[in-house]
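Text of structure_17.cif (mmCIF, C-alpha atoms and all ligand atoms) as supplied:
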```cif
data_final
loop_
_atom_site.label_atom_id
_atom_site.label_comp_id
_atom_site.auth_asym_id
_atom_site.auth_seq_id
_atom_site.Cartn_x
_atom_site.Cartn_y
_atom_site.Cartn_z
CA MET A 1 0.77 19.80 -22.21
CA LEU A 2 -2.12 20.63 -24.54
CA ILE A 3 -4.20 23.75 -24.03
CA ILE A 4 -7.56 23.54 -25.72
CA MET A 5 -9.14 26.91 -26.40
CA LYS A 6 -12.89 27.57 -26.31
CA ILE A 7 -14.85 27.85 -29.53
CA GLY A 8 -14.78 31.53 -30.36
CA ALA A 9 -11.65 32.32 -28.33
CA THR A 10 -10.27 35.56 -29.75
CA LYS A 11 -6.91 36.02 -31.46
CA GLN A 12 -5.81 38.14 -28.51
CA GLN A 13 -6.74 35.41 -26.00
CA ILE A 14 -4.70 32.87 -27.98
CA LEU A 15 -1.80 35.31 -28.17
CA ASP A 16 -1.94 35.94 -24.40
CA VAL A 17 -1.61 32.21 -23.73
CA VAL A 18 1.24 31.84 -26.25
CA GLN A 19 3.12 34.75 -24.66
CA ALA A 20 2.60 33.27 -21.21
CA ILE A 21 4.05 29.95 -22.37
CA GLU A 22 7.06 31.64 -23.91
CA GLY A 23 7.40 33.81 -20.82
CA ILE A 24 8.16 30.73 -18.71
CA GLY A 25 10.72 29.48 -21.21
CA TYR A 26 8.72 26.97 -23.25
CA GLN A 27 7.58 26.95 -26.86
CA ALA A 28 4.01 27.07 -28.11
CA LYS A 29 2.67 25.57 -31.30
CA ILE A 30 -0.80 26.60 -32.39
CA SER A 31 -2.98 24.19 -34.30
CA LYS A 32 -6.07 25.83 -35.77
CA GLY A 33 -9.04 23.49 -36.23
CA ALA A 34 -12.32 24.23 -37.98
CA GLN A 35 -13.91 25.27 -34.69
CA ARG A 36 -11.22 25.85 -32.14
CA SER A 37 -7.49 26.23 -31.62
CA VAL A 38 -5.28 23.89 -29.66
CA ILE A 39 -1.90 25.00 -28.29
CA LEU A 40 0.82 22.43 -27.78
CA VAL A 41 3.36 23.37 -25.12
CA HIS A 42 6.79 21.87 -25.62
CA GLY A 43 10.33 22.34 -24.42
CA ASN A 44 9.33 21.36 -20.88
CA ILE A 45 10.77 18.39 -19.02
CA GLY A 46 8.17 17.00 -16.72
CA TYR A 47 4.89 18.26 -15.38
CA ILE A 48 3.73 21.88 -15.73
CA ASP A 49 1.47 23.21 -13.01
CA GLU A 50 -1.73 24.19 -14.81
CA SER A 51 -2.72 26.72 -12.16
CA TYR A 52 -0.36 29.13 -13.92
CA PHE A 53 -2.87 29.30 -16.79
CA LYS A 54 -5.98 29.74 -14.63
CA LYS A 55 -6.05 33.52 -15.08
CA PHE A 56 -6.31 33.41 -18.88
CA MET A 57 -9.62 33.81 -20.67
CA GLY A 58 -10.65 31.54 -23.51
CA ILE A 59 -9.19 28.26 -22.24
CA ARG A 60 -11.58 25.30 -22.24
CA ASP A 61 -9.35 22.49 -21.07
CA ILE A 62 -5.79 21.57 -20.23
CA ILE A 63 -4.50 18.06 -20.91
CA HIS A 64 -1.27 16.88 -19.36
CA ILE A 65 1.07 14.68 -21.33
CA SER A 66 3.75 14.44 -18.65
CA LYS A 67 2.65 12.94 -15.35
CA ARG A 68 2.83 14.86 -12.09
CA LEU A 69 4.75 12.07 -10.38
CA LYS A 70 7.98 10.54 -11.55
CA LEU A 71 9.21 7.52 -9.68
CA VAL A 72 6.10 5.53 -8.96
CA TYR A 73 5.26 4.60 -12.55
CA ARG A 74 6.51 1.48 -14.25
CA GLU A 75 7.48 3.42 -17.39
CA ASN A 76 9.98 5.35 -15.29
CA ASN A 77 11.49 2.15 -13.94
CA GLY A 78 12.46 0.85 -17.37
CA GLY A 79 9.29 -1.24 -17.34
CA ALA A 80 10.78 -3.55 -14.70
CA ASP A 81 9.26 -4.85 -11.47
CA THR A 82 10.75 -3.78 -8.17
CA ILE A 83 11.72 -6.81 -6.15
CA VAL A 84 11.77 -6.35 -2.38
CA ASP A 85 14.22 -8.90 -1.06
CA LEU A 86 14.19 -9.51 2.69
CA GLY A 87 16.94 -12.11 2.55
CA ASP A 88 16.65 -15.82 3.38
CA ASN A 89 14.78 -16.42 0.13
CA ILE A 90 11.89 -14.15 1.16
CA VAL A 91 11.06 -11.95 -1.78
CA PHE A 92 8.10 -9.77 -2.75
CA GLY A 93 7.47 -9.06 -6.41
CA ASP A 94 8.86 -12.19 -8.04
CA ARG A 95 6.73 -15.03 -9.30
CA SER A 96 5.51 -16.13 -5.89
CA ALA A 97 3.13 -15.00 -3.17
CA GLN A 98 4.07 -14.59 0.48
CA ILE A 99 1.92 -14.81 3.61
CA ILE A 100 2.34 -12.33 6.44
CA ALA A 101 0.47 -13.58 9.49
CA GLY A 102 0.13 -12.84 13.17
CA PRO A 103 -2.00 -10.98 15.66
CA CYS A 104 -3.29 -7.47 15.20
CA SER A 105 -1.42 -6.41 18.35
CA VAL A 106 1.37 -7.92 20.39
CA GLU A 107 -0.50 -8.47 23.65
CA SER A 108 2.09 -10.28 25.77
CA ARG A 109 5.35 -12.15 25.42
CA GLU A 110 3.53 -15.49 25.77
CA MET A 111 0.92 -14.84 23.08
CA ILE A 112 3.40 -13.67 20.44
CA MET A 113 5.71 -16.61 21.28
CA GLU A 114 2.79 -19.03 20.97
CA THR A 115 1.73 -17.50 17.66
CA ALA A 116 5.25 -17.50 16.24
CA ASP A 117 5.68 -21.13 17.33
CA PHE A 118 2.47 -22.12 15.55
CA LEU A 119 3.04 -20.10 12.38
CA SER A 120 6.64 -21.15 11.94
CA SER A 121 5.58 -24.79 12.32
CA ARG A 122 3.35 -24.16 9.30
CA GLY A 123 6.19 -22.74 7.27
CA ILE A 124 5.19 -19.09 7.63
CA LYS A 125 8.23 -16.82 7.64
CA LEU A 126 6.70 -13.39 8.13
CA LEU A 127 5.34 -12.52 11.56
CA ARG A 128 3.12 -9.48 11.96
CA GLY A 129 2.06 -7.81 15.20
CA GLY A 130 1.60 -4.19 16.19
CA ALA A 131 3.37 -2.76 19.21
CA PHE A 132 2.20 0.77 18.37
CA LYS A 133 -1.45 0.72 17.35
CA PRO A 134 -3.34 3.45 15.51
CA ARG A 135 -6.80 2.82 16.97
CA THR A 136 -9.95 4.59 15.84
CA SER A 137 -10.98 5.19 19.47
CA PRO A 138 -8.59 6.76 21.99
CA TYR A 139 -10.08 4.43 24.62
CA SER A 140 -9.14 1.24 22.75
CA PHE A 141 -5.97 -0.72 23.48
CA GLN A 142 -3.09 1.32 22.05
CA GLY A 143 -0.45 -1.43 22.02
CA LEU A 144 2.39 -2.27 24.41
CA GLY A 145 4.82 0.12 22.72
CA ASP A 146 8.51 -0.57 23.28
CA LYS A 147 7.75 -3.64 25.39
CA GLY A 148 5.66 -5.12 22.58
CA LEU A 149 8.48 -4.49 20.17
CA SER A 150 10.94 -6.39 22.33
CA TYR A 151 8.49 -9.31 22.59
CA ILE A 152 8.00 -9.61 18.82
CA HIS A 153 11.75 -9.26 18.36
CA ASP A 154 12.40 -12.18 20.71
CA ALA A 155 9.67 -14.31 19.14
CA ALA A 156 10.92 -13.72 15.60
CA LYS A 157 14.46 -14.46 16.66
CA LYS A 158 13.54 -17.68 18.40
CA TYR A 159 11.47 -18.98 15.48
CA ASN A 160 13.61 -17.54 12.72
CA MET A 161 10.93 -15.27 11.28
CA LYS A 162 10.93 -11.80 9.77
CA ILE A 163 9.07 -9.00 11.54
CA VAL A 164 6.38 -6.79 10.03
CA THR A 165 5.31 -4.14 12.53
CA GLU A 166 3.80 -0.70 12.41
CA ALA A 167 5.16 2.79 13.01
CA ILE A 168 2.59 5.47 13.70
CA ASP A 169 4.74 8.53 14.33
CA GLU A 170 8.30 9.73 14.50
CA TYR A 171 9.02 8.17 17.88
CA SER A 172 7.69 4.72 17.01
CA LEU A 173 9.51 4.86 13.67
CA SER A 174 12.79 5.47 15.47
CA GLN A 175 12.12 2.41 17.66
CA VAL A 176 10.67 0.13 15.01
CA MET A 177 13.43 0.72 12.47
CA ASP A 178 15.95 -1.12 14.66
CA VAL A 179 13.75 -4.19 14.94
CA ALA A 180 11.49 -4.50 11.90
CA ASP A 181 12.36 -6.27 8.67
CA VAL A 182 9.37 -4.46 7.17
CA ILE A 183 7.87 -1.29 8.63
CA GLN A 184 4.13 -1.04 8.18
CA ILE A 185 2.53 2.35 7.68
CA GLY A 186 -1.17 1.91 8.27
CA ALA A 187 -4.20 3.10 6.37
CA ARG A 188 -4.76 6.03 8.73
CA ASN A 189 -1.25 7.31 8.14
CA MET A 190 -1.15 6.87 4.37
CA GLN A 191 -1.22 10.62 3.92
CA ASN A 192 1.03 11.51 6.84
CA TYR A 193 3.58 12.98 4.47
CA SER A 194 6.16 13.91 7.08
CA LEU A 195 6.17 10.29 8.31
CA LEU A 196 6.38 9.03 4.71
CA LYS A 197 9.39 11.27 4.04
CA LYS A 198 11.09 9.78 7.09
CA CYS A 199 10.35 6.30 5.75
CA GLY A 200 11.97 7.35 2.50
CA ALA A 201 15.15 8.38 4.26
CA ILE A 202 15.77 4.96 5.85
CA LYS A 203 16.70 1.61 4.37
CA ASN A 204 14.07 -0.69 5.89
CA PRO A 205 11.46 -1.98 3.45
CA ILE A 206 8.13 -0.22 3.96
CA LEU A 207 4.68 -1.77 3.71
CA LEU A 208 2.32 1.08 2.85
CA LYS A 209 -1.37 0.41 3.30
CA ARG A 210 -3.87 2.23 1.14
CA GLY A 211 -6.07 4.58 3.15
CA PHE A 212 -9.70 3.52 3.20
CA THR A 213 -10.86 6.68 1.44
CA ALA A 214 -7.80 7.12 -0.76
CA SER A 215 -7.94 6.94 -4.54
CA ILE A 216 -5.23 5.11 -6.45
CA ASP A 217 -3.80 8.51 -7.44
CA ASP A 218 -3.67 9.53 -3.76
CA LEU A 219 -1.80 6.31 -3.10
CA TYR A 220 0.64 7.01 -5.94
CA ALA A 221 1.41 10.41 -4.43
CA SER A 222 2.10 8.81 -1.04
CA LEU A 223 4.38 6.21 -2.62
CA GLU A 224 6.20 8.98 -4.45
CA TYR A 225 6.94 10.65 -1.09
CA ILE A 226 8.83 7.55 0.02
CA LEU A 227 10.50 6.88 -3.34
CA SER A 228 11.61 10.48 -3.82
CA GLU A 229 13.52 10.40 -0.53
CA GLY A 230 15.51 7.43 -1.79
CA ASN A 231 13.85 4.26 -0.47
CA PRO A 232 12.74 1.99 -3.34
CA ASN A 233 11.85 -0.96 -1.10
CA ILE A 234 8.11 -0.62 -0.82
CA ILE A 235 5.34 -3.20 -0.66
CA VAL A 236 1.88 -1.78 -1.31
CA CYS A 237 -1.09 -3.18 0.57
CA GLU A 238 -4.76 -3.01 -0.41
CA ARG A 239 -6.78 -3.48 2.79
CA GLY A 240 -10.25 -2.48 1.70
CA ILE A 241 -11.85 0.83 0.92
CA ARG A 242 -15.02 2.21 2.48
CA VAL A 243 -18.36 1.42 0.91
CA PHE A 244 -21.57 3.34 1.35
CA GLU A 245 -23.52 3.47 4.59
CA GLY A 246 -26.29 0.93 4.80
CA THR A 247 -24.43 -1.90 3.09
CA LYS A 248 -23.52 -4.85 5.25
CA GLN A 249 -19.80 -4.72 4.54
CA ARG A 250 -17.69 -1.97 6.02
CA SER A 251 -15.17 -2.17 3.20
CA ILE A 252 -14.54 -3.86 -0.12
CA ILE A 253 -11.28 -4.99 -1.64
CA ASP A 254 -10.61 -2.94 -4.75
CA PHE A 255 -9.37 -5.77 -6.97
CA LEU A 256 -9.34 -3.60 -10.07
CA GLY A 257 -7.31 -1.02 -8.18
CA VAL A 258 -4.82 -3.78 -7.38
CA SER A 259 -4.50 -4.67 -11.06
CA ASP A 260 -4.05 -0.99 -11.99
CA LEU A 261 -1.34 -0.70 -9.36
CA ARG A 262 0.39 -3.78 -10.65
CA GLU A 263 0.21 -2.54 -14.23
CA GLU A 264 1.01 1.15 -13.76
CA SER A 265 3.50 0.99 -10.92
CA HIS A 266 6.48 -1.31 -10.47
CA LEU A 267 5.94 -2.15 -6.82
CA PRO A 268 4.76 -5.43 -5.31
CA VAL A 269 1.14 -5.39 -4.13
CA ILE A 270 -0.32 -7.56 -1.39
CA ILE A 271 -3.87 -7.87 -0.08
CA ASP A 272 -4.84 -7.74 3.58
CA THR A 273 -7.85 -10.03 3.74
CA SER A 274 -8.54 -9.49 7.44
CA HIS A 275 -9.17 -5.76 7.74
CA ALA A 276 -11.54 -5.65 4.78
CA THR A 277 -13.83 -8.36 6.10
CA ARG A 278 -13.92 -7.64 9.85
CA GLU A 279 -15.46 -11.14 10.03
CA ARG A 280 -13.24 -14.17 10.36
CA ALA A 281 -15.58 -16.49 8.48
CA LYS A 282 -15.02 -14.43 5.35
CA VAL A 283 -11.24 -14.33 5.48
CA PRO A 284 -10.52 -17.72 3.84
CA GLY A 285 -12.76 -17.03 0.83
CA LEU A 286 -11.31 -13.60 0.29
CA SER A 287 -7.79 -15.00 0.66
CA ARG A 288 -8.49 -17.59 -2.01
CA ALA A 289 -9.84 -14.87 -4.28
CA ALA A 290 -6.82 -12.65 -3.61
CA LEU A 291 -4.41 -15.44 -4.41
CA ALA A 292 -6.29 -16.37 -7.56
CA PHE A 293 -6.24 -12.73 -8.58
CA GLY A 294 -2.47 -12.79 -8.65
CA CYS A 295 -1.27 -10.49 -5.91
CA ASP A 296 2.22 -10.72 -4.42
CA GLY A 297 1.07 -11.88 -1.03
CA LEU A 298 -1.53 -11.93 1.70
CA MET A 299 -1.69 -10.38 5.13
CA VAL A 300 -3.86 -12.25 7.63
CA GLU A 301 -4.53 -11.74 11.33
CA VAL A 302 -4.14 -14.85 13.48
CA HIS A 303 -4.57 -15.03 17.27
CA PRO A 304 -4.26 -17.89 19.78
CA ASP A 305 -7.66 -16.99 21.26
CA PRO A 306 -9.43 -14.52 18.93
CA ASP A 307 -12.44 -13.99 21.17
CA LYS A 308 -10.16 -12.59 23.85
CA ALA A 309 -8.05 -10.45 21.50
CA LEU A 310 -7.42 -6.87 22.61
CA SER A 311 -7.83 -5.63 19.03
CA ASP A 312 -9.51 -6.93 15.88
CA GLY A 313 -10.63 -10.22 17.47
CA PRO A 314 -13.74 -10.66 15.27
CA GLN A 315 -11.64 -10.80 12.12
CA SER A 316 -8.74 -12.81 13.54
CA LEU A 317 -8.39 -16.48 12.66
CA SER A 318 -7.75 -19.09 15.34
CA PHE A 319 -4.88 -21.49 14.74
CA ASN A 320 -7.37 -24.08 13.60
CA ASP A 321 -9.08 -21.62 11.19
CA PHE A 322 -5.67 -20.72 9.81
CA ASP A 323 -4.79 -24.37 9.26
CA LEU A 324 -8.05 -24.97 7.38
CA MET A 325 -7.45 -21.90 5.24
CA LEU A 326 -3.89 -22.96 4.47
CA ILE A 327 -5.06 -26.38 3.28
CA GLU A 328 -7.44 -24.68 0.85
CA LEU A 329 -4.88 -22.16 -0.30
CA LYS A 330 -2.34 -24.84 -0.86
CA LYS A 331 -4.75 -26.82 -3.02
CA ILE A 332 -5.31 -23.94 -5.40
CA SER A 333 -1.95 -22.20 -5.13
CA GLY A 334 -0.17 -24.19 -7.85
CA LEU A 335 -2.86 -23.26 -10.36
CA PHE A 336 -1.84 -19.64 -10.56
CA SER A 337 1.08 -17.73 -11.91
CA LYS A 338 2.11 -16.66 -8.42
CA PRO A 339 1.99 -19.76 -6.23
CA LEU A 340 2.29 -19.39 -2.49
CA LYS A 341 5.72 -20.01 -1.16
CA PHE A 342 5.71 -22.69 1.48
CA TYR A 343 9.00 -23.17 3.13
CA LYS A 344 8.03 -26.31 4.92
CA GLU A 345 5.46 -28.94 4.23
CA GLN A 346 2.39 -28.37 6.36
CA LYS A 347 2.00 -30.85 9.22
C1 LIG B 401 -3.40 -3.40 11.23
O1 LIG B 401 -2.73 -3.91 10.33
O2 LIG B 401 -3.60 -3.93 12.34
C2 LIG B 401 -4.10 -2.11 10.95
C3 LIG B 401 -4.35 -1.25 11.91
O3 LIG B 401 -4.41 -1.99 9.66
P1 LIG B 401 -5.05 -0.77 8.83
O4 LIG B 401 -4.07 0.35 8.91
O5 LIG B 401 -5.18 -1.35 7.46
O6 LIG B 401 -6.38 -0.44 9.45
MN MN B 402 -5.66 -5.10 13.02
#
```

Structure translated into C-alpha cells:
Amino acid sequence: MLIIMKIGATKQQILDVVQAIEGIGYQAKISKGAQRSVILVHGNIGYIDESYFKKFMGIRDIIHISKRLKLVYRENNGGADTIVDLGDNIVFGDRSAQIIAGPCSVESREMIMETADFLSSRGIKLLRGGAFKPRTSPYSFQGLGDKGLSYIHDAAKKYNMKIVTEAIDEYSLSQVMDVADVIQIGARNMQNYSLLKKCGAIKNPILLKRGFTASIDDLYASLEYILSEGNPNIIVCERGIRVFEGTKQRSIIDFLGVSDLREESHLPVIIDTSHATRERAKVPGLSRAALAFGCDGLMVEVHPDPDKALSDGPQSLSFNDFDLMLIELKKISGLFSKPLKFYKEQK
C-alpha cells in the first residue's frame, strides 16, 4: 500500500502515520519528493483495510497494491483458465462455446418434454428452465416449485440433457442441488451473500448472473464468496445491465465488461441474449454478436408457444425462430476462436 501525503503535511503528521503502520506490525518507508512525501507500507501479506488510516491528518490518497479479493483473479490461479466440466464432453472454458436453451419457466410436464425433444433433436445438450422463479412482481407466476423440478428432471433424463435451473433461497437450493447439473443464481440474487456462501459449500457447478446494477467489482466480490467457500466450478453470465430511463432498451450487454472478466478472472463467461433484449426479434442478432465476441457460451430462452408463456414470452424464441438462429450461428461459428459445439448435425 502507498500512502500519499498532502503537500505541506507536517513532520509530525508523517511520523504519526509511520508509527501507526509500525503499530500494526508492518514497516514504513518514507520517500521525500520535492513537494510531498509518500510512505510505502510493506511487510503485509494481502490487502490492508484503509479505514484504519482515516483518522490521520495530512493524508491525500491511499493506493492499494494488493487486491482486496484473492481467488477470483487470474493471477492468483497461476494465469490458467478454470474449466467447468459437466461430463459427457460438455465443457465451459475451453476453446468452444456452448448453448444453454429452454423456457424461462417449467410450466408443465408436457411443455418441458416438448422443448427437450425439440432441442435435443438439434444437438443442444443443456436444458434450462426455472422451477423456482424470482419474479419482479409478487403477482406474476412464481414457478411450479418442486413439481417443476421433477418435470425438468424427467425431461432431461429422457432426452439425455444436462439441467440448468435456478435456486432463489435456501429451500430451493436444497431441492435443486439434487437435480441440477448447473445451479443458476439469478441477477436479483447476485448479492445474496448467504445464498452464495451456501453455493460455495456444495459441489454443483454454479452459474452466477451479473446483477443488472452491479459493477464488475461487485460481481468479483460475489464470485469470491462462492470461491472462498471451496467451490471453483463457476460459470459467469452477463445478462444485460440497466440503461438510463427514456432509452428504448431496458438493458445493454456490457461486452467490454465481458472481456475484462475474461482477462482479469479465470472463470468461463457466457452471455444471456434473451434477458437483455426482452424482444425476441433481437435475440438472433445479439447471439451472433456474442458468439463473434468470443464468449464461452450463450443462454437463450425457447418456448413451444412463446405468446402463451407464463414468463418472459416476448423474449422467448419459438422452435422455428430457434432453428433460423441456429442456421445463422452455425454459418459463422467456425470463423471464431470459440466455435459452437454441435453434438449432432442439425436436421
Ligand atoms: C431467468 O434466467 O429466467 C432469469 C430470471 O434471469 P435473470 O436473473 O437474469 O433476470
Ligand atoms: Mn426468464

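Selection around (-5.4, -3.9, -3.7) with radius 8 Å, counting all atoms listed in the file, yields the residues A:Arg210, A:Val236, A:Cys237, A:Glu238, A:Arg239, A:Gly240, A:Ile253, A:Asp254, A:Phe255, A:Leu256, A:Gly257, A:Val258, A:Ser259, A:Leu261, A:Val269, A:Ile270, A:Ile271.
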
Legend entry - ligand MN 402 (chain B) neighbours within 10 Å using only C-alpha atoms and all ligand atoms, as a list in words: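 Listed by chain and ascending number, the contacts are Gly102, Pro103, Cys104, Ser105, Arg128, Gly129, Gly130, Lys133, Pro134, Arg135, Gly186, Asp272, Ser274, His275, Arg278, Val300, Glu301, Val302, Leu310, Ser311, Asp312, Gly313, Gln315 and Ser316 of chain A.
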
Inset, instruction - Find the distance between CA of Gly87 (chain A) and CA of Lys203 (chain A) and write it in Å to one decimal. - result: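 Distance between the two atoms: 13.8 Å.
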
Inset, instruction - Find the spatial neighbours of region 53-68 of chain A, counting only C-alpha atoms, within a cut-off of 10 Å - ignore same-chain residues fewer than 6 positions away - and output them as number ranges by chain. - result: A: 1-14, 16-17, 20-21, 36-41, 44-47, 221

Inset, instruction - Give the answer as one residue: which of A:Leu126, A:Ile99, A:Met325, A:Ala156 has the shortest atom-to-atom distance to Met113 (chain A), using all atoms listed in the file? - result: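 Under the stated criterion, the closest residue is A:Ala156.
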
Inset, instruction - Show which residues sit within 10 Å of Gln249 (chain A), as an NGL selection string. Count only C-alpha atoms, and ignore same-chain residues fewer than 3 positions away. - result: :A and (242-246 or 252 or 276-279)

Inset, instruction - Give the answer as one residue: which of A:Glu107, A:Glu263, A:Asp323, A:Asp81 has the shortest atom-to-atom distance to Arg95 (chain A), using all atoms listed in the file? - result: A:Asp81

Legend entry - Counting all atoms listed in the file, the option among A:Leu335, A:Val72, A:Ala289, A:Val283 closest to Tyr225 (chain A): A:Val72

Inset, instruction - Give me, please, the distance in Å between CA of Leu149 (chain A) and CA of Ala131 (chain A), quoted to one decimal. - result: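 Atom-to-atom, CA of Leu149 (chain A) and CA of Ala131 (chain A) are spaced 5.5 Å apart.
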
Legend entry - Option closest in space to Val182 (chain A), from A:Leu227, A:Ile234, A:Met299, A:Ile327 [counting only C-alpha atoms]: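 Answer, going by the shortest atom-to-atom distance: A:Ile234.
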
Inset, instruction - Have a look at CA of Ser222 (chain A) and CA of Leu196 (chain A) and let me know their distance in Å, one decimal. - result: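 It comes out at 7.2 Å.
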
Legend entry - Among listed residues A:Pro304, A:Asn160, A:Phe141, A:Gly93, nearest Ser120 (chain A) (using all atoms listed in the file):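 Ranking A:Pro304, A:Asn160, A:Phe141, A:Gly93 by distance to Ser120 (chain A), first place goes to A:Asn160.
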
Inset, instruction - Identify which of the residues A:Ile168, A:Ala292, A:Leu340, A:Leu69 lies closest to ligand LIG 401 (chain B), counting only C-alpha atoms and all ligand atoms when measuring atom-to-atom distances. - result: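 Residue with the minimum atom-to-atom distance to ligand LIG 401 (chain B): A:Ile168.
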
Identify, on the basis of all atoms listed in the file, every residue whose closest approach to region 328-332 of chain A does not exceed 8 Å; exclude the query and any residue fewer than 4 positions from it along the same chain; express the result as a CSV table (one decimal) with C-alpha atoms, keeping the file's coordinate frame.
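File produced: result-v4.csv:
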```
chain,number,residue,atom,x,y,z
A,287,SER,CA,-7.8,-15.0,0.7
A,288,ARG,CA,-8.5,-17.6,-2.0
A,291,LEU,CA,-4.4,-15.4,-4.4
A,292,ALA,CA,-6.3,-16.4,-7.6
A,324,LEU,CA,-8.0,-25.0,7.4
A,336,PHE,CA,-1.8,-19.6,-10.6
A,340,LEU,CA,2.3,-19.4,-2.5
```

Inset, instruction - Mind checking which residues fall within 6 Å of Ile226 (chain A), counting only C-alpha atoms, ignoring those fewer than 3 positions away in the same chain, and posting them as a ChimeraX atom specification? - result: /A:196-197,200,223,229

Inset, instruction - Just the residues within 8 Å of Leu119 (chain A), please, counting only C-alpha atoms, with nothing from its chain fewer than 5 positions along; format it as number ranges by chain. - result: A: 101-102, 124-125, 127
